Each structure stands twice: as C-alpha cells, then as structure tokens.
There are 2 protein chains.
Amino acid sequence: MANRNFTLVIHGGAGAILKSKMTPELEQQYRDGLQQALAAGFDILKKGGIAVDAVQRAINIMEDSPLFNAGKGAVFTHEGKHEQDACIMDGRTLECGSVAGIRRIKRPINLARLVMDKSPHVLLGGEGAETFAVEHGFELVDDDYFHTERRRQQLQVAIEKEAAKDDPSGDNQFLSEDTRHGTVGAVALDRDGNLAAATSSGGMTNKRFGRIGDSALIGAGTYANNKTCAVSTTGHGEYFMRTVLAYDLSALMEYSGLSLRDAADKVVNGTFTELGGTGGLIALDAEGNIAMPFNCEGMYRGWQSHDKGPTVAIYKDDNSE
Amino acid sequence: MANRNFTLVIHGGAGAILKSKMTPELEQQYRDGLQQALAAGFDILKKGGIAVDAVQRAINIMEDSPLFNAGKGAVFTHEGKHEQDACIMDGRTLECGSVAGIRRIKRPINLARLVMDKSPHVLLGGEGAETFAVEHGFELVDDDYFHTERRRQQLQVAIEKEAAKDDPSGDNQFLSEDTRHGTVGAVALDRDGNLAAATSSGGMTNKRFGRIGDSALIGAGTYANNKTCAVSTTGHGEYFMRTVLAYDLSALMEYSGLSLRDAADKVVNGTFTELGGTGGLIALDAEGNIAMPFNCEGMYRGWQSHDKGPTVAIYKDDNSE
C-alpha cells in the first residue's frame with residue numbers, strides 16, 4: 001500500500017440555505033448526515049480502498065437519508081413520482097457510468113457504478129436502465145419508498161404557486177434553490193493517487209417532461225482525471241450543462257496551468273454566474289488540494305484528509321477550508 | 001446584413017465505409033443526399049439567415065432520407081423500435097437544447113430546437129420529451145414511419161451474429177461502424193459571425209437498455225461558441241462522452257491557443273484514439289476555417305462557403321478540404 005495523501009470531500013446540495021430559515025434541530029441533522037457520509041467514505045480510503053469506492057459509499061449514506069435530494073429524500077416530479085440521475089467517473093481510466101430518469105432504484109449511484117463496470121455504454125436512461133439493473137440482480141423499489149412528507153409538501157407549494165403565478169416555465173423561481181436543484185456528490189483521492197468523482201440527484205421539485213440534469217452528464221456535473229482533478233457540482237444544472245463546467249475546470253488546469261483553487265473560482269464566478277447560474281462545486285486535485293466555491297448562500301459540505309480531521313460546513317462564513 | 005465569410009459543413013456519419021463494399025449506385029445516392037442537405041442549409045446562410053437555422057435545415061434533409069442513421073433512416077433497437085437522440089447549440093448565447101431516447105418524432109433535431117427555444121431546460125428524455133413536443137403542436141408518428149428494409153436486415157444480422165458469438169456486451173463489433181454508431185451533423189458560420197452546431201442520431205443497431213449517446217450531450221457530441229468554434233462528432237459515442245470531446249476542442253483553442261485544425265487533429269488522434277474510439281468530427285471557427293478529421297475509413301461529409309462551391313466527400317483520399 002502506498003503511503004501518501006488521501007482525502008475525501010462531499011457535498012449535500014447548494015442554494016439559498018439561510019440561517020434565518022433553519023432550525024437548530026434541522027441544522028444538526030444535516031451536520032450529522034454529512035459527518036456520517038464523510039466517515040463511511042473516509043474509512044474506505046484509510047483502509048487503502050480505491051477512490052471510486054469511497055465516493056460511492058459516501059453518496060450511499062446521503063442517498064439513504066431523507067434529508068438530501070437523492071435516493072430516499074428525492075423530490076417529487078409534477079406527477080408525484082421520482083426521477084433520478086446519477087453519474088460516477090474513475091480518474092485512473094476515464095471510465096464512467098451514468099443513469100438518467102430512473103424511477104425505482106434505491107441508490108442511483110450504484111446503478112451508475114454498474115453501468116461503468118458492466119456495460120459497454122456510458123449512459124442508460126429510464127426503463128432501459130432499470131431492465132439492465134434487474135438483469136444484474138438489483139432490486140426495484142416501489143415509488144412509495146421515496147415518499148417523504150417534507151418533499152410532498154414542497155411539491156404542493158410548487159404546484160400552488162405555479163398556478164397562482166401562471167408560471168408555465170415550471171422553473172419554480174419561488175422555491176429555495178436546494179429544493180429546486182439539490183444534489184449530493186463526492187470526490188476522493190486515494191492512497192495510490194487515484195481520483196474519482198460521483199454525483200447523485202433527485203432532480204427538481206415539480207419537474208416535467210423527463211428533464212435530465214447535469215448530474216447524469218460526464219463533463220457537466222461530474223468529472224475525474226488523475227492528470228488534473230475530480231469535480232462534482234450542485235446547483236442549477238442547466239448552467240453546468242451549457243458551460244460544460246466540471247470538464248472546464250479540468251481543462252483550465254491542464255491547458256492554462258491554473259491551480260485547482262484558481263480554476264474552481266474561475267468556472268464558478270465566470271460564464272456560469274454571468275449566464276445566471278447559481279450553485280457550487282467540490283473539487284480535489286492529485287496533491288490533495290481542495291476547492292469548494294459556490295455563488296449562493298450555502299452549500300452542505302464536508303472534508304477530511306490523512307492529516308486533517310473531519311469538518312462539515314453549511315454557510316459561507318462557516319469555518320473555511 | 002453584414003457581408004463576410006459564411007460557411008456550412010455537414011456530415012452523415014463515419015466508420016468503416018469501404019469503397020470495396022459500396023456500389024456505384026449507393027455511393028451516388030449518398031453524394032446526392034449530402035448535396036441536397038448542403039444546398040438547403042447553405043441557402044439559408046446565403047440569404048442572411050442565422051447559423052442555427054442553417055444547421056437545423058441541413059439536418060432535416062438528412063433526417064428525411066432513408067440513407068442516414070437519423071430520422072427516417074434510424075437503425076432498429078434490439079426490440080425492433082427506434083430511439084433517437086439530438087442536440088443543437090447556438091454559439092451566440094451558449095443556449096442549447098437536446099433530447100434523448102425519443103421514439104415518435106419525425107425530425108428529432110426540431111424537438112431539440114424547441115427545447116432550446118421554449119423550455120427552461122437543456123435536455124429532455126423519452127416520453128416526457130414527447131409530451132412537451134405535443135404540447136407545442138408537434139405531430140407524433142408511429143414507429144412504422146422509421147421502418148426501412150435495409151435497417152431491418154441490419155438488426156437481423158446483428159441479432160444472429162450476437163447469438164452465434166455469444167456477445168452479451170451488445171457492442172456489435174461485427175457491424176460496420178456507420179451502422180453501429182451513425183449520426184448526422186452540421187456546423188455553420190453565418191454572415192453575422194455567429195456559429196452553431198447540431199447533431200441527430202438514430203442510435204446503435206440492436207441497442208438495449210435505453211442507451212443514450214453523445215448526440216444528446218452538449219460538450220460530448222456537439223458544441224458551439226462564437227469565441228472558438230462549432231463542432232459535431234460522429235462515431236463511437238461512448239468515447240466522445242468520456243473525453244468530452246467537442247468541448248475539449250473548444251478548450252484547446254481558448255486555453256492553449258491552438259488553431260482549429262490543430263485542436264481538431266489533437267482531440268481525434270489523442271486520448272479518443274488511445275482509448276479505442278473510432279469516428280470523426282466536423283468543426284468550423286469564426287474565420288470560416290474548416291477541419292474534418294476522422295480516424296476510420298470514411299466519413300460522409302460536405303462543405304460550402306461564400307467563395308467555394310459545394311463539395312462532398314466520403315473516403316480518406318477524396319478531394320480534401
């Protein structure tokens with residue numbers, strides 16, 4: 001086993017997360033959820049496991065929590081169902097797997113991993129992806145599994161406000177951004193110097209028309225390459241797609257020679273913000289440098305490395321990296 | 001109306017297109033099809049129309065032809081159906097629209113355009129995308145519309161060979177690449193200096209599990225940005241996705257200062273080829289420079305500019321650009 005830097009960084013969504021709207025109890029729940037995800041993923045790294053296993057494990061914990069918009073806590077579509085996207089990439093090989101619009105998989109990132117490991121394809125959508133899952137022994141769950149009262153109420157509010165405001169765009173401007181565009185993600189550097197990234201998302205409250213977000217797309221919401229960095233984004237997905245943001249961060253490091261931190265700041269505060277995008281990202285390079293920029297009020301996030309204990313943060317002014 | 005360079009470049013798929021396997025009649029049909037698409041798109045540019053209209057129009061002609069793997073000539077899925085992907089991007093604004101896994105839209109690029117123009121989203125999938133289409137007055141066609149005898153036979157061959165070879169990967173290595181991964185695409189520069197790119201694909205013969213290809217994905221198969229270039233790829237889509245190839249070409253121009261030609265050669269002959277990818281691309285910059293590299297036997301392609309008449313080519317040694 002090599003003996004070098006190893007680091008895990010996670011996020012649980014970004015957006016208009018305001019202290020004034022948060023109860024101490026709910027805040028503690030989020031901090032605990034992030035701590036658990038961080039501990040589970042970091043344990044894999046500590047024991048010499050690979051980065052791609054660590055990011056998957058951390059995401060599984062958040063997918064199993066009702067707090068985060070992924071897996072169990074996924075938001076409702078307009079029809080009262082759940083359609084999820086997920087993506088994982090291995091920086092050693094540039095292998096990747098992703099799924100879009102899946103409805104009956106408990107932990108979407110595990111199906112993305114299966115696509116990476118067992119399919120000649122990169123991206124599988126909808127029912128086809130679920131057929132592939134079943135052929136490989138995955139259990140399908142009923143939509144009931146994803147029913148949580150908090151998300152149900154968010155849908156109700158969204159539908160009522162949409163009707164009152166005559167907002168046919170379905171963009172739900174009135175919802176807080178973490179409800180509109182929540183995501184969970186993780187990036188890791190393992191003891192062998194390998195990078196990996198993964199993102200899982202329950203989509204947008206009240207979404208229609210089979211909208212697929214950046215969390216399904218290599219280069220937009222997720223990217224990992226041992227040569228440069230690992231990236232997972234969270235926020236208004238359409239802007240990450242238009243700016244090919246996760247890959248752009250890598251390209252700025254590779255072609256312009258920017259540091260991870262400078263490249264991360266540039267992509268979040270550049271065209272993405274100018275076009276109107278809100279959100280943030282977590283990124284990690286092969287030296288273990290971390291960047292976690294966001295252009296909104298808060299981002300649920302946590303990090304731990306071989307020489308620094310676990311830290312979680314929510315708001316802008318939380319103890320910074 | 002400004003008075004400057006304007007150029008249209010199109011492709012109709014790339015792969016193991018061998019002179020030895022082509023009849024003179026079929027070759028002439030392809031050349032005629034490319035000429036018609038080129039003429040229709042170029043006419044828009046000549047009259048002062050915008051780049052995004054020109055690429056859409058050129059693609060519509062190829063989508064209506066049974067020759068190309070898009071629209072009418074789309075290949076069959078394993079289940080004997082048709083699932084198509086398409087994507088369009090406007091280099092002026094970085095606005096884009098795409099659709100994945102759609103089954104009942106005659107001209108998929110028109111639905112991608114509708115997503116760009118009328119939806120807050122970038123990517124819509126499957127039935128949801130078709131519901132959106134119907135709400136905006138699109139007609140759905142029965143799957144019968146896409147039945148062509150040639151494609152039906154290709155599916156039969158694929159299924160038989162797969163069974164005989166016990167090829168559960170479904171990667172159809174025995175099929176020629178244009179059948180496995182055909183695509184049509186166009187890039188244009190209009191009189192006002194605006195770039196646009198679009199790609200439409202009937203997917204892979206015998207594909208399963210709702211596979212979505214690079215033709216649905218901004219940055220992988222399609223990208224346009226007035227600052228750099230417009231790109232449309234064709235070939236083994238998974239490799240374009242893993243290398244985020246269309247955007248990578250743009251990044252090499254923007255961050256490394258490479259010319260369009262050098263950047264295009266680098267992305268096709270670099271990691272994409274090293275990983276095992278086969279295919280090619282068409283690309284155009286704001287000066288009207290053209291690049292059309294491919295690493296396989298042939299690519300159906302054509303180009304025309306304000307000062308050069310229309311040219312079409314198929315093989316490597318055809319009159320080069």
# chains A, B, ... in the order shown; residues from 1 in each chain; ligands from 1
call {"tool": "residues_around", "arguments": {"residues": "Pro293 of chain B", "least_positions_apart": "4", "cutoff": "7 Å", "atoms": "only C-alpha atoms", "output": "ChimeraX atom specification"}}
result
/B:264-265,268,280-281
call {"tool": "write_last_selection", "arguments": {"atoms": "all heavy atoms", "output": "short mmCIF file (atom, residue, chain, number, x, y, z; two decimals), in the first residue's frame"}}
result
data_model
loop_
_atom_site.label_atom_id
_atom_site.label_comp_id
_atom_site.auth_asym_id
_atom_site.auth_seq_id
_atom_site.Cartn_x
_atom_site.Cartn_y
_atom_site.Cartn_z
N ALA B 264 -8.49 20.17 -33.63
CA ALA B 264 -9.34 19.07 -34.13
C ALA B 264 -8.51 17.80 -34.29
O ALA B 264 -8.94 16.70 -33.90
CB ALA B 264 -9.99 19.47 -35.45
N ASP B 265 -7.32 17.94 -34.88
CA ASP B 265 -6.45 16.76 -35.03
C ASP B 265 -6.07 16.19 -33.67
O ASP B 265 -6.04 14.98 -33.48
CB ASP B 265 -5.17 17.14 -35.79
CG ASP B 265 -5.43 17.33 -37.28
OD1 ASP B 265 -6.49 16.86 -37.75
OD2 ASP B 265 -4.59 17.95 -37.96
N VAL B 268 -9.03 14.23 -31.98
CA VAL B 268 -9.37 12.95 -32.64
C VAL B 268 -8.25 11.93 -32.50
O VAL B 268 -8.50 10.75 -32.26
CB VAL B 268 -9.73 13.19 -34.13
CG1 VAL B 268 -9.80 11.86 -34.89
CG2 VAL B 268 -11.07 13.91 -34.23
N GLY B 280 -15.09 10.53 -36.14
CA GLY B 280 -14.53 11.79 -36.59
C GLY B 280 -15.43 12.95 -36.21
O GLY B 280 -16.36 12.79 -35.41
N LEU B 281 -15.11 14.10 -36.76
CA LEU B 281 -15.89 15.29 -36.44
C LEU B 281 -15.78 16.29 -37.57
O LEU B 281 -14.90 16.20 -38.42
CB LEU B 281 -15.40 15.90 -35.12
CG LEU B 281 -13.95 16.40 -35.06
CD1 LEU B 281 -13.76 17.80 -35.66
CD2 LEU B 281 -13.48 16.43 -33.61
#
call {"tool": "interface_residues", "arguments": {"of": "chain A", "to": "chain B", "cutoff": "7 Å", "atoms": "only C-alpha atoms", "output": "mmCIF file with all heavy atoms, in the first residue's frame"}}
result
data_model
loop_
_atom_site.group_PDB
_atom_site.id
_atom_site.type_symbol
_atom_site.label_atom_id
_atom_site.label_comp_id
_atom_site.auth_asym_id
_atom_site.auth_seq_id
_atom_site.Cartn_x
_atom_site.Cartn_y
_atom_site.Cartn_z
ATOM 1 N N LEU A 94 -10.549 7.076 -16.967
ATOM 2 C CA LEU A 94 -11.614 7.853 -17.615
ATOM 3 C C LEU A 94 -12.844 7.001 -17.893
ATOM 4 O O LEU A 94 -13.676 7.346 -18.734
ATOM 5 C CB LEU A 94 -11.123 8.515 -18.912
ATOM 6 C CG LEU A 94 -9.901 9.414 -18.800
ATOM 7 C CD1 LEU A 94 -9.599 10.066 -20.145
ATOM 8 C CD2 LEU A 94 -10.095 10.492 -17.736
ATOM 9 N N GLU A 95 -12.953 5.866 -17.213
ATOM 10 C CA GLU A 95 -14.194 5.103 -17.336
ATOM 11 C C GLU A 95 -15.279 5.798 -16.527
ATOM 12 O O GLU A 95 -15.004 6.429 -15.499
ATOM 13 C CB GLU A 95 -13.990 3.670 -16.840
ATOM 14 C CG GLU A 95 -13.259 2.841 -17.887
ATOM 15 C CD GLU A 95 -12.888 1.457 -17.414
ATOM 16 O OE1 GLU A 95 -13.125 1.129 -16.243
ATOM 17 O OE2 GLU A 95 -12.337 0.705 -18.238
ATOM 18 N N CYS A 96 -16.509 5.672 -17.023
ATOM 19 C CA CYS A 96 -17.588 6.333 -16.318
ATOM 20 C C CYS A 96 -18.905 5.648 -16.607
ATOM 21 O O CYS A 96 -19.038 4.917 -17.579
ATOM 22 C CB CYS A 96 -17.655 7.819 -16.688
ATOM 23 S SG CYS A 96 -17.452 8.162 -18.434
ATOM 24 N N SER A 119 -21.236 -2.474 -18.384
ATOM 25 C CA SER A 119 -21.894 -2.156 -19.654
ATOM 26 C C SER A 119 -20.868 -1.552 -20.598
ATOM 27 O O SER A 119 -19.946 -0.862 -20.162
ATOM 28 C CB SER A 119 -23.020 -1.146 -19.403
ATOM 29 O OG SER A 119 -23.364 -0.475 -20.597
ATOM 30 N N PRO A 120 -21.017 -1.774 -21.917
ATOM 31 C CA PRO A 120 -20.129 -1.086 -22.860
ATOM 32 C C PRO A 120 -20.524 0.382 -23.020
ATOM 33 O O PRO A 120 -19.827 1.140 -23.688
ATOM 34 C CB PRO A 120 -20.346 -1.853 -24.167
ATOM 35 C CG PRO A 120 -21.730 -2.389 -24.062
ATOM 36 C CD PRO A 120 -21.972 -2.676 -22.594
ATOM 37 N N HIS A 121 -21.645 0.764 -22.384
ATOM 38 C CA HIS A 121 -22.135 2.121 -22.577
ATOM 39 C C HIS A 121 -21.762 3.027 -21.410
ATOM 40 O O HIS A 121 -21.315 2.566 -20.367
ATOM 41 C CB HIS A 121 -23.646 2.113 -22.757
ATOM 42 C CG HIS A 121 -24.057 1.231 -23.889
ATOM 43 N ND1 HIS A 121 -23.496 1.343 -25.140
ATOM 44 C CD2 HIS A 121 -24.919 0.201 -23.970
ATOM 45 C CE1 HIS A 121 -24.018 0.435 -25.940
ATOM 46 N NE2 HIS A 121 -24.873 -0.287 -25.253
ATOM 47 N N VAL A 122 -21.984 4.318 -21.596
ATOM 48 C CA VAL A 122 -21.727 5.290 -20.543
ATOM 49 C C VAL A 122 -23.030 5.707 -19.868
ATOM 50 O O VAL A 122 -23.087 5.830 -18.648
ATOM 51 C CB VAL A 122 -20.996 6.534 -21.113
ATOM 52 C CG1 VAL A 122 -21.032 7.691 -20.124
ATOM 53 C CG2 VAL A 122 -19.558 6.188 -21.472
ATOM 54 N N LEU A 123 -24.071 5.912 -20.646
ATOM 55 C CA LEU A 123 -25.307 6.500 -20.118
ATOM 56 C C LEU A 123 -26.519 5.661 -20.511
ATOM 57 O O LEU A 123 -26.746 5.440 -21.700
ATOM 58 C CB LEU A 123 -25.449 7.942 -20.651
ATOM 59 C CG LEU A 123 -26.734 8.706 -20.352
ATOM 60 C CD1 LEU A 123 -27.068 8.765 -18.879
ATOM 61 C CD2 LEU A 123 -26.633 10.136 -20.909
ATOM 62 N N LEU A 124 -27.267 5.207 -19.523
ATOM 63 C CA LEU A 124 -28.516 4.488 -19.772
ATOM 64 C C LEU A 124 -29.672 5.287 -19.173
ATOM 65 O O LEU A 124 -29.543 5.861 -18.093
ATOM 66 C CB LEU A 124 -28.483 3.090 -19.138
ATOM 67 C CG LEU A 124 -27.359 2.144 -19.594
ATOM 68 C CD1 LEU A 124 -27.529 0.776 -18.926
ATOM 69 C CD2 LEU A 124 -27.323 1.981 -21.109
ATOM 70 N N GLY A 125 -30.804 5.288 -19.902
ATOM 71 C CA GLY A 125 -31.930 6.110 -19.463
ATOM 72 C C GLY A 125 -33.166 5.311 -19.114
ATOM 73 O O GLY A 125 -33.427 4.255 -19.698
ATOM 74 N N GLY A 126 -33.916 5.809 -18.142
ATOM 75 C CA GLY A 126 -35.262 5.351 -17.840
ATOM 76 C C GLY A 126 -35.421 3.855 -17.655
ATOM 77 O O GLY A 126 -34.630 3.200 -16.973
ATOM 78 N N GLU A 127 -36.490 3.312 -18.240
ATOM 79 C CA GLU A 127 -36.822 1.901 -18.060
ATOM 80 C C GLU A 127 -35.711 0.977 -18.524
ATOM 81 O O GLU A 127 -35.497 -0.084 -17.943
ATOM 82 C CB GLU A 127 -38.088 1.553 -18.828
ATOM 83 C CG GLU A 127 -39.348 2.027 -18.141
ATOM 84 C CD GLU A 127 -40.577 1.753 -19.000
ATOM 85 O OE1 GLU A 127 -40.574 0.771 -19.766
ATOM 86 O OE2 GLU A 127 -41.532 2.542 -18.902
ATOM 87 N N GLY A 128 -35.042 1.357 -19.593
ATOM 88 C CA GLY A 128 -33.949 0.519 -20.085
ATOM 89 C C GLY A 128 -32.877 0.332 -19.026
ATOM 90 O O GLY A 128 -32.366 -0.773 -18.811
ATOM 91 N N ALA A 129 -32.554 1.411 -18.338
ATOM 92 C CA ALA A 129 -31.550 1.343 -17.273
ATOM 93 C C ALA A 129 -32.019 0.404 -16.169
ATOM 94 O O ALA A 129 -31.219 -0.351 -15.593
ATOM 95 C CB ALA A 129 -31.293 2.745 -16.715
ATOM 96 N N THR A 131 -34.132 -2.143 -16.507
ATOM 97 C CA THR A 131 -34.053 -3.516 -17.012
ATOM 98 C C THR A 131 -32.625 -4.045 -16.857
ATOM 99 O O THR A 131 -32.397 -5.174 -16.415
ATOM 100 C CB THR A 131 -34.462 -3.555 -18.497
ATOM 101 O OG1 THR A 131 -35.768 -3.018 -18.619
ATOM 102 C CG2 THR A 131 -34.431 -4.976 -19.047
ATOM 103 N N PHE A 132 -31.670 -3.210 -17.212
ATOM 104 C CA PHE A 132 -30.257 -3.567 -17.050
ATOM 105 C C PHE A 132 -29.954 -3.859 -15.575
ATOM 106 O O PHE A 132 -29.270 -4.834 -15.244
ATOM 107 C CB PHE A 132 -29.395 -2.407 -17.567
ATOM 108 C CG PHE A 132 -27.914 -2.617 -17.422
ATOM 109 C CD1 PHE A 132 -27.232 -3.484 -18.270
ATOM 110 C CD2 PHE A 132 -27.192 -1.950 -16.436
ATOM 111 C CE1 PHE A 132 -25.860 -3.678 -18.140
ATOM 112 C CE2 PHE A 132 -25.826 -2.128 -16.301
ATOM 113 C CZ PHE A 132 -25.153 -2.998 -17.153
ATOM 114 N N SER A 169 -43.262 28.125 -17.196
ATOM 115 C CA SER A 169 -41.886 27.680 -17.413
ATOM 116 C C SER A 169 -41.553 26.502 -16.516
ATOM 117 O O SER A 169 -40.663 25.724 -16.806
ATOM 118 C CB SER A 169 -40.894 28.803 -17.126
ATOM 119 O OG SER A 169 -40.716 28.957 -15.729
ATOM 120 N N ASP A 171 -40.122 26.663 -13.773
ATOM 121 C CA ASP A 171 -38.778 26.827 -13.220
ATOM 122 C C ASP A 171 -38.795 27.063 -11.712
ATOM 123 O O ASP A 171 -37.748 27.113 -11.080
ATOM 124 C CB ASP A 171 -38.047 27.955 -13.944
ATOM 125 C CG ASP A 171 -36.543 27.817 -13.810
ATOM 126 O OD1 ASP A 171 -36.068 26.674 -13.646
ATOM 127 O OD2 ASP A 171 -35.851 28.843 -13.849
ATOM 128 N N ARG A 208 -41.084 18.381 -15.018
ATOM 129 C CA ARG A 208 -41.909 17.733 -16.030
ATOM 130 C C ARG A 208 -41.085 17.375 -17.251
ATOM 131 O O ARG A 208 -39.927 17.743 -17.362
ATOM 132 C CB ARG A 208 -43.010 18.700 -16.476
ATOM 133 C CG ARG A 208 -44.260 18.548 -15.629
ATOM 134 C CD ARG A 208 -45.246 19.626 -15.948
ATOM 135 N NE ARG A 208 -44.819 20.860 -15.322
ATOM 136 C CZ ARG A 208 -45.606 21.934 -15.194
ATOM 137 N NH1 ARG A 208 -46.831 21.909 -15.673
ATOM 138 N NH2 ARG A 208 -45.166 23.006 -14.614
ATOM 139 N N PHE A 209 -41.736 16.653 -18.143
ATOM 140 C CA PHE A 209 -41.188 16.434 -19.477
ATOM 141 C C PHE A 209 -39.885 15.647 -19.476
ATOM 142 O O PHE A 209 -39.065 15.773 -20.372
ATOM 143 C CB PHE A 209 -40.974 17.767 -20.205
ATOM 144 C CG PHE A 209 -42.209 18.627 -20.262
ATOM 145 C CD1 PHE A 209 -42.173 19.948 -19.855
ATOM 146 C CD2 PHE A 209 -43.416 18.102 -20.716
ATOM 147 C CE1 PHE A 209 -43.316 20.745 -19.910
ATOM 148 C CE2 PHE A 209 -44.562 18.894 -20.768
ATOM 149 C CZ PHE A 209 -44.510 20.214 -20.369
ATOM 150 N N GLY A 210 -39.680 14.832 -18.433
ATOM 151 C CA GLY A 210 -38.489 13.990 -18.460
ATOM 152 C C GLY A 210 -37.188 14.764 -18.448
ATOM 153 O O GLY A 210 -36.190 14.316 -19.015
ATOM 154 N N ARG A 211 -37.211 15.931 -17.785
ATOM 155 C CA ARG A 211 -35.983 16.731 -17.707
ATOM 156 C C ARG A 211 -34.830 15.905 -17.124
ATOM 157 O O ARG A 211 -34.963 15.260 -16.085
ATOM 158 C CB ARG A 211 -36.238 17.951 -16.824
ATOM 159 C CG ARG A 211 -35.020 18.866 -16.643
ATOM 160 C CD ARG A 211 -34.369 18.664 -15.275
ATOM 161 N NE ARG A 211 -33.328 19.656 -15.018
ATOM 162 C CZ ARG A 211 -32.538 19.640 -13.952
ATOM 163 N NH1 ARG A 211 -32.660 18.699 -13.028
ATOM 164 N NH2 ARG A 211 -31.612 20.571 -13.797
ATOM 165 N N ILE A 212 -33.704 15.910 -17.807
ATOM 166 C CA ILE A 212 -32.482 15.273 -17.316
ATOM 167 C C ILE A 212 -31.503 16.384 -16.962
ATOM 168 O O ILE A 212 -31.366 17.360 -17.703
ATOM 169 C CB ILE A 212 -31.892 14.337 -18.388
ATOM 170 C CG1 ILE A 212 -32.880 13.187 -18.672
ATOM 171 C CG2 ILE A 212 -30.529 13.788 -17.963
ATOM 172 C CD1 ILE A 212 -32.528 12.345 -19.886
ATOM 173 N N ILE A 218 -21.401 13.336 -17.729
ATOM 174 C CA ILE A 218 -19.950 13.481 -17.640
ATOM 175 C C ILE A 218 -19.537 14.815 -18.258
ATOM 176 O O ILE A 218 -19.965 15.144 -19.362
ATOM 177 C CB ILE A 218 -19.262 12.335 -18.415
ATOM 178 C CG1 ILE A 218 -19.462 11.030 -17.688
ATOM 179 C CG2 ILE A 218 -17.767 12.602 -18.641
ATOM 180 C CD1 ILE A 218 -18.839 10.986 -16.329
ATOM 181 N N GLY A 219 -18.717 15.557 -17.539
ATOM 182 C CA GLY A 219 -18.239 16.835 -18.074
ATOM 183 C C GLY A 219 -19.056 18.012 -17.578
ATOM 184 O O GLY A 219 -18.528 19.104 -17.429
ATOM 185 N N GLU A 238 -28.849 23.239 -15.560
ATOM 186 C CA GLU A 238 -28.803 23.661 -16.961
ATOM 187 C C GLU A 238 -27.583 24.540 -17.240
ATOM 188 O O GLU A 238 -27.000 24.485 -18.329
ATOM 189 C CB GLU A 238 -30.095 24.400 -17.327
ATOM 190 C CG GLU A 238 -31.261 23.501 -17.713
ATOM 191 C CD GLU A 238 -31.832 22.650 -16.583
ATOM 192 O OE1 GLU A 238 -31.499 22.912 -15.405
ATOM 193 O OE2 GLU A 238 -32.606 21.718 -16.862
ATOM 194 N N MET A 241 -24.513 22.447 -17.604
ATOM 195 C CA MET A 241 -24.505 21.777 -18.896
ATOM 196 C C MET A 241 -24.043 22.720 -19.999
ATOM 197 O O MET A 241 -23.225 22.355 -20.842
ATOM 198 C CB MET A 241 -25.907 21.230 -19.195
ATOM 199 C CG MET A 241 -26.320 20.144 -18.207
ATOM 200 S SD MET A 241 -28.112 19.873 -18.111
ATOM 201 C CE MET A 241 -28.357 18.781 -19.492
ATOM 202 N N ARG A 242 -24.583 23.935 -20.004
ATOM 203 C CA ARG A 242 -24.233 24.896 -21.057
ATOM 204 C C ARG A 242 -22.760 25.279 -21.004
ATOM 205 O O ARG A 242 -22.168 25.625 -22.035
ATOM 206 C CB ARG A 242 -25.102 26.154 -20.939
ATOM 207 C CG ARG A 242 -26.552 25.896 -21.319
ATOM 208 C CD ARG A 242 -27.444 27.063 -20.956
ATOM 209 N NE ARG A 242 -27.087 28.274 -21.692
ATOM 210 C CZ ARG A 242 -27.614 29.468 -21.439
ATOM 211 N NH1 ARG A 242 -28.521 29.604 -20.479
ATOM 212 N NH2 ARG A 242 -27.244 30.515 -22.145
ATOM 213 N N VAL A 244 -20.405 23.249 -19.650
ATOM 214 C CA VAL A 244 -19.598 22.019 -19.536
ATOM 215 C C VAL A 244 -18.622 22.196 -18.364
ATOM 216 O O VAL A 244 -17.412 22.011 -18.494
ATOM 217 C CB VAL A 244 -18.858 21.695 -20.851
ATOM 218 C CG1 VAL A 244 -18.454 20.214 -20.904
ATOM 219 C CG2 VAL A 244 -19.720 22.003 -22.083
ATOM 220 N N ALA A 251 -9.925 21.395 -17.768
ATOM 221 C CA ALA A 251 -9.239 21.964 -18.938
ATOM 222 C C ALA A 251 -8.421 23.194 -18.556
ATOM 223 O O ALA A 251 -7.313 23.407 -19.070
ATOM 224 C CB ALA A 251 -10.263 22.316 -20.026
ATOM 225 N N LEU A 252 -8.940 24.010 -17.649
ATOM 226 C CA LEU A 252 -8.196 25.194 -17.204
ATOM 227 C C LEU A 252 -6.913 24.791 -16.491
ATOM 228 O O LEU A 252 -5.880 25.470 -16.611
ATOM 229 C CB LEU A 252 -9.059 26.055 -16.274
ATOM 230 C CG LEU A 252 -10.069 26.960 -16.976
ATOM 231 C CD1 LEU A 252 -11.094 27.493 -15.982
ATOM 232 C CD2 LEU A 252 -9.356 28.117 -17.686
ATOM 233 N N TYR A 255 -4.679 22.980 -19.584
ATOM 234 C CA TYR A 255 -4.247 23.781 -20.728
ATOM 235 C C TYR A 255 -3.767 25.175 -20.342
ATOM 236 O O TYR A 255 -2.932 25.758 -21.025
ATOM 237 C CB TYR A 255 -5.377 23.905 -21.752
ATOM 238 C CG TYR A 255 -5.895 22.580 -22.252
ATOM 239 C CD1 TYR A 255 -7.247 22.370 -22.476
ATOM 240 C CD2 TYR A 255 -5.025 21.515 -22.524
ATOM 241 C CE1 TYR A 255 -7.736 21.156 -22.946
ATOM 242 C CE2 TYR A 255 -5.502 20.300 -22.987
ATOM 243 C CZ TYR A 255 -6.855 20.125 -23.191
ATOM 244 O OH TYR A 255 -7.331 18.930 -23.646
ATOM 245 N N SER A 256 -4.335 25.740 -19.256
ATOM 246 C CA SER A 256 -3.921 27.089 -18.853
ATOM 247 C C SER A 256 -2.983 27.065 -17.662
ATOM 248 O O SER A 256 -2.479 28.107 -17.250
ATOM 249 C CB SER A 256 -5.144 27.947 -18.497
ATOM 250 O OG SER A 256 -5.888 28.273 -19.639
#
call {"tool": "closest_residue", "arguments": {"among": "B:Ala186, B:Leu111, B:Ile88, B:Ala163", "to": "Ile61 of chain B", "atoms": "only C-alpha atoms"}}
result
B:Ala186
call {"tool": "atom_distance", "arguments": {"atom1": "atom CA of Ala74 of chain B", "atom2": "atom CA of Gly15 of chain B"}}
result
16.0 Å
call {"tool": "atom_distance", "arguments": {"atom1": "atom CA of Lys308 of chain A", "atom2": "atom CA of Gly288 of chain A"}}
result
11.3 Å
call {"tool": "select_by_dssp", "arguments": {"residues": "segment 104-280 of chain B", "states": "helix (DSSP H, G or I)", "output": "ChimeraX atom specification"}}
result
/B:108-118,126-135,143-146,149-165,177-181,214-216,237-242,245-256,260-269,271-275
